[in-house]
Amino acid sequence: MTKHIFITGGVVSSLGKGLTTASIGLLLESRGLRVRIQKLDPYLNVDPGTMNPFQHGEVYVLDDGTETDLDLGHYERFTNAPMSRASNITSGRIYSEVIRKERAGEYLGETVQVIPHITDAIKQGIHALAGPDVDVVLTEIGGTVGDIESLPFVEAIRQFRLDVGPENVLYIHMTLLPYLRANGEMKTKPTQQSVGKLREIGIQPDILICRCEQPITDDLKKKISLFCNVETKAVIEEKDVDFSIYEVPLVLRDQGLDKLIAQRLHLAPKDCPIPDWERVVETLKHPTTEIEIAVVGKYIELQDSYKSIYESIAHAGIANHARVKIRRVNAEKVEKLGPETTLAGVHGILVPGGFGARGVEGKINASQWAREQRIPYFGICYGMQMAVIDVARHVAGLADADTTENNERTPHPVICLLDSQQKVVDKGGTMRLGAQPCRVLGGHARAAYGQSVVSERHRHRYEFNPAYREILAKAGLVVTGVHDGHDLAEIVEIPDHPWFVAVQYHPEFKSKPTKAHPLFAGFIRAALAHAREATTTAAAR
């Protein structure tokens with residue numbers, strides 16, 4: 001039978017349960033186990049697709065077009081576990097399905113309640129990932145134990161152990177050990193109370209993973225063990241890492257977490273070599289050079305808003321043995337202060353995806369600056385559209401060229417709404433979503449990919465208007481990638497620029513620390529060349 005591991009969190013939110021879950025998945029896969037991972041989120045949105053990135057971070061998109069929580073990005077970057085719609089379930093989706101069944105009469109007149117109907121639906125979602133070809137399912141429970149909205153999920157995983165047998169279920173609880181600098185003490189009381197909440201519900205954690213700033217002493221581990229009813233060897237330290245999140249699997253492995261899980265679930269213990277991962281961490285610690293990349297966006301204040309972008313840049317740095325410093329630039333500041341002030345000195349400029357008019361002129365200015373100063377430019381989704389508008393206005397002479405998303409009356413709609421989007425009413429789950437084929441015709445993109453057809457994930461409503469393709473090609477912006485089957489521009493480039501590439505899709509969703517996405521790797525390679533050229537020029541002066 002498939003084994004199940006449930007990861008809950010206590011004390012505070014944003015403890016890093018997603019990273020920890022992904023790290024455990026990596027360690028189990030290294031033991032030859034077939035792993036599946038999912039996240040259960042307690043919010044009432046059906047999916048994160050319409051949620052503000054300031055509140056929830058980026059929306060991560062899967063091959064099947066499912067819009068999911070950003071933690072699924074961690075799962076894919078750390079493991080080879082396939083992800084699908086079953087990998088992210090929200091309260092909104094659960095309640096919608098239960099209400100649909102009630103309206104259809106499928107409960108035959110029963111009184112529909114949280115227990116058993118909602119909890120049964122949650123358990124069905126967990127069972128959906130199990131099967132004869134799956135050894136372990138990791139299920140992360142979003143939110144914090146003690147939250148009202150999380151209670152149905154916690155109750156469901158309590159029942160789950162009764163359903164499948166205690167030998168097939170493991171509970172891991174992640175908590176925080178706050179360090180009081182004034183008296184130099186680490187406090188265990190919040191952890192005790194969090195575990196107490198779980199035990200009130202009927203769940204006794206098998207393993208505790210404790211986030212902390214300082215190392216946990218043996219005496220402190222014994223205290224946590226005594227008050228939380230967990231073996232001392234099952235109290236695992238997850239101290240803040242020095243260089244990168246990619247150290248976390250190694251930290252957990254060195255404490256024997258994977259061996260402990262294997263013992264508790266009666267899984268065959270094997271050696272755990274992960275040389276590729278060790279090389280990643282070693283490269284991060286000892287790069288051969290350093291460059292700076294500007295990311296120009298409208299959600300720049302929140303790290304998680306462009307999580308996959310930042311990670312993909314780091315992956316490309318690893319592939320090029322370079323440390324990449326990211327300058328996070330608010331697009332509105334580029335509008336107000338100018339690119340010569342906000343972007344001076346960077347070795348590459350990236351404009352990521354987004355929606356709406358706020359900061360648009362700053363993004364267009366960033367594209368123009370990169371084009372005119374011959375700085376490597378990488379535009380992604382909205383960043384591609386801004387590059388198209390830049391060339392249309394400033395090279396092709398199409399005054400007031402714009403996207404109809406922000407200006408329906410523009411005389412030159414170089415970016416316009418897809419025909420399939422014209423009559424869309426609902427906002428959630430209705431964009432062009434998921435993996436679609438792209439035929440790469442040439443240029444830097446073809447050189448980076450090394451193949452003519454690739455599959456990339458999309459999340460957008462507006463497109464490059466094909467009516468302007470020839471006009472913009474004469475202005476120097478050439479389409480070098482098209483949808484394989486439809487007349488849609490997927491990649492544009494400026495051939496006589498050192499590296500000016502913009503894509504309509506989201507390559508950041510297919511990058512891993514052990515295998516950087518080809519376009520990100522090519523972008524950072526070009527930025528390194530630009531840095532060397534700048535250094536040579538400065539020395540000559």
# chains A, B, ... in the order shown; residues from 1 in each chain; ligands from 1

$ select_by_dssp --residues "stretch 96-223 of chain A" --states "strand (DSSP E)" --output "ChimeraX atom specification"
/A:136-141,169-176,179-180,185-186,207-212

$ write_last_selection --atoms "N, CA, C and O atoms" --output "compact mmCIF listing (two decimals), in the first residue's frame"
# COMPACT_ATOMS: atom_id res chain seq x y z
N VAL A 136 5.21 6.68 -1.94
CA VAL A 136 4.93 7.64 -0.87
C VAL A 136 4.21 8.86 -1.44
O VAL A 136 4.63 9.41 -2.46
N VAL A 137 3.15 9.28 -0.75
CA VAL A 137 2.49 10.54 -1.05
C VAL A 137 2.79 11.52 0.08
O VAL A 137 2.53 11.23 1.25
N LEU A 138 3.35 12.67 -0.28
CA LEU A 138 3.60 13.73 0.69
C LEU A 138 2.49 14.77 0.55
O LEU A 138 2.25 15.28 -0.54
N THR A 139 1.80 15.06 1.66
CA THR A 139 0.71 16.02 1.64
C THR A 139 1.01 17.14 2.62
O THR A 139 1.08 16.91 3.84
N GLU A 140 1.21 18.34 2.09
CA GLU A 140 1.43 19.52 2.92
C GLU A 140 0.10 20.19 3.22
O GLU A 140 -0.68 20.46 2.30
N ILE A 141 -0.17 20.47 4.48
CA ILE A 141 -1.39 21.17 4.87
C ILE A 141 -1.07 22.65 5.02
O ILE A 141 -0.26 23.04 5.87
N VAL A 169 0.90 5.66 7.71
CA VAL A 169 0.78 7.11 7.84
C VAL A 169 1.84 7.64 8.80
O VAL A 169 2.10 7.05 9.85
N LEU A 170 2.42 8.77 8.44
CA LEU A 170 3.40 9.45 9.29
C LEU A 170 3.03 10.93 9.36
O LEU A 170 2.74 11.56 8.35
N TYR A 171 3.03 11.47 10.58
CA TYR A 171 2.74 12.89 10.77
C TYR A 171 4.03 13.64 11.11
O TYR A 171 4.73 13.28 12.07
N ILE A 172 4.33 14.66 10.32
CA ILE A 172 5.47 15.54 10.58
C ILE A 172 4.92 16.93 10.88
O ILE A 172 4.13 17.47 10.12
N HIS A 173 5.33 17.49 12.01
CA HIS A 173 4.87 18.81 12.39
C HIS A 173 6.06 19.76 12.40
O HIS A 173 7.11 19.46 12.97
N MET A 174 5.89 20.91 11.75
CA MET A 174 6.97 21.89 11.66
C MET A 174 6.63 23.09 12.53
O MET A 174 5.52 23.64 12.45
N THR A 175 7.56 23.49 13.38
CA THR A 175 7.31 24.59 14.31
C THR A 175 8.48 25.57 14.32
O THR A 175 9.51 25.35 13.68
N LEU A 176 8.30 26.62 15.10
CA LEU A 176 9.35 27.62 15.25
C LEU A 176 9.84 27.65 16.70
O LEU A 176 9.04 27.63 17.64
N TYR A 179 14.14 32.69 19.16
CA TYR A 179 15.36 32.98 19.94
C TYR A 179 15.26 34.41 20.47
O TYR A 179 15.11 35.37 19.71
N LEU A 180 15.28 34.55 21.79
CA LEU A 180 15.22 35.87 22.42
C LEU A 180 16.64 36.37 22.64
O LEU A 180 17.37 35.90 23.53
N GLU A 185 18.15 33.14 24.89
CA GLU A 185 17.43 31.87 25.10
C GLU A 185 16.58 31.50 23.88
O GLU A 185 16.01 32.37 23.23
N MET A 186 16.49 30.20 23.66
CA MET A 186 15.56 29.67 22.67
C MET A 186 14.35 29.13 23.42
O MET A 186 14.50 28.38 24.38
N ILE A 207 7.25 13.11 14.06
CA ILE A 207 8.52 13.82 13.89
C ILE A 207 8.25 15.31 14.02
O ILE A 207 7.24 15.82 13.50
N LEU A 208 9.13 16.02 14.71
CA LEU A 208 9.07 17.47 14.79
C LEU A 208 10.25 18.06 14.04
O LEU A 208 11.40 17.65 14.25
N ILE A 209 9.98 19.01 13.15
CA ILE A 209 11.04 19.75 12.48
C ILE A 209 10.98 21.18 12.99
O ILE A 209 9.96 21.85 12.84
N CYS A 210 12.05 21.61 13.61
CA CYS A 210 12.05 22.90 14.32
C CYS A 210 12.89 23.94 13.59
O CYS A 210 14.12 23.80 13.50
N ARG A 211 12.23 24.97 13.07
CA ARG A 211 12.95 26.10 12.50
C ARG A 211 13.59 26.91 13.62
O ARG A 211 12.98 27.15 14.66
N CYS A 212 14.82 27.35 13.40
CA CYS A 212 15.52 28.08 14.45
C CYS A 212 16.66 28.90 13.87
O CYS A 212 17.14 28.62 12.77

$ residues_around --residues "stretch 188-190 of chain A" --least-positions-apart "2" --cutoff "10 Å" --atoms "only C-alpha atoms" --output "ChimeraX atom specification"
/A:10-12,175-179,185-186,192-196,210,220-221,223-224,227-228

$ closest_residue --among "A:Glu508, A:Glu278, A:Glu110, A:Asp133" --to "A:Pro249" --atoms "only C-alpha atoms"
A:Glu278

$ atom_distance --atom1 "atom CA of A:Ser91" --atom2 "atom CA of A:Gln124"
13.3 Å

$ residues_around --residues "stretch 258-268 of chain A" --least-positions-apart "2" --cutoff "8 Å" --atoms "only C-alpha atoms" --output "PyMOL selection string"
chain A and resi 3+24+27-28+167-170+234+252-253+256+270

$ select_by_dssp --residues "stretch 263-505 of chain A" --states "helix (DSSP H, G or I)" --output "PyMOL selection string"
chain A and resi 263-264+275-285+303-319+331-337+339-342+360-373+382-394+419-421+443-449+466-474

$ closest_atom_pairs --of "stretch 343-370 of chain A" --to "stretch 287-304 of chain A" --cutoff "6 Å" --atoms "only C-alpha atoms" --output "JSON lines"
{"residue": "A:Val346", "atom": "CA", "partner": "A:Glu292", "partner_atom": "CA", "distance": 5.3}
{"residue": "A:His347", "atom": "CA", "partner": "A:Glu292", "partner_atom": "CA", "distance": 5.6}
{"residue": "A:Gly348", "atom": "CA", "partner": "A:Ile293", "partner_atom": "CA", "distance": 4.8}
{"residue": "A:Ile349", "atom": "CA", "partner": "A:Ala294", "partner_atom": "CA", "distance": 4.8}
{"residue": "A:Leu350", "atom": "CA", "partner": "A:Val295", "partner_atom": "CA", "distance": 4.9}
{"residue": "A:Val351", "atom": "CA", "partner": "A:Val296", "partner_atom": "CA", "distance": 5.1}

$ atom_distance --atom1 "atom CA of A:Pro352" --atom2 "atom CA of A:Gly485"
25.7 Å

$ atom_distance --atom1 "atom CA of A:Thr68" --atom2 "atom CA of A:Ile99"
22.0 Å

$ residues_around --residues "A:Trp277" --least-positions-apart "6" --cutoff "10 Å" --atoms "only C-alpha atoms" --output "MDAnalysis selection string"
chainID A and resid 26 78 246:247 249:250 283 513:514

$ write_last_selection --atoms "N, CA and C atoms" --output "mmCIF file, in the first residue's frame"
data_model
loop_
_atom_site.group_PDB
_atom_site.id
_atom_site.type_symbol
_atom_site.label_atom_id
_atom_site.label_comp_id
_atom_site.auth_asym_id
_atom_site.auth_seq_id
_atom_site.Cartn_x
_atom_site.Cartn_y
_atom_site.Cartn_z
ATOM 1 N N LEU A 26 12.788 15.002 -2.274
ATOM 2 C CA LEU A 26 14.089 14.777 -2.903
ATOM 3 C C LEU A 26 14.838 13.634 -2.224
ATOM 4 N N PHE A 78 12.653 20.578 -6.880
ATOM 5 C CA PHE A 78 13.423 19.667 -6.034
ATOM 6 C C PHE A 78 13.262 18.196 -6.435
ATOM 7 N N TYR A 246 18.709 25.679 -1.263
ATOM 8 C CA TYR A 246 19.095 24.370 -1.770
ATOM 9 C C TYR A 246 20.009 23.605 -0.815
ATOM 10 N N GLU A 247 20.372 24.249 0.286
ATOM 11 C CA GLU A 247 21.109 23.548 1.336
ATOM 12 C C GLU A 247 20.185 22.703 2.224
ATOM 13 N N PRO A 249 17.877 20.272 1.861
ATOM 14 C CA PRO A 249 17.898 18.807 1.806
ATOM 15 C C PRO A 249 19.138 18.190 2.441
ATOM 16 N N LEU A 250 20.279 18.861 2.275
ATOM 17 C CA LEU A 250 21.524 18.335 2.841
ATOM 18 C C LEU A 250 21.510 18.434 4.364
ATOM 19 N N THR A 283 28.681 25.077 -5.905
ATOM 20 C CA THR A 283 28.799 26.169 -6.877
ATOM 21 C C THR A 283 28.271 27.472 -6.300
ATOM 22 N N PRO A 513 17.448 23.638 -10.270
ATOM 23 C CA PRO A 513 18.823 23.970 -9.877
ATOM 24 C C PRO A 513 19.859 23.060 -10.523
ATOM 25 N N THR A 514 19.468 21.824 -10.821
ATOM 26 C CA THR A 514 20.394 20.887 -11.459
ATOM 27 C C THR A 514 20.334 20.960 -12.977
#

$ closest_residue --among "A:Arg393, A:Lys39, A:Arg34, A:Arg327" --to "A:Ile7" --atoms "only C-alpha atoms"
A:Lys39
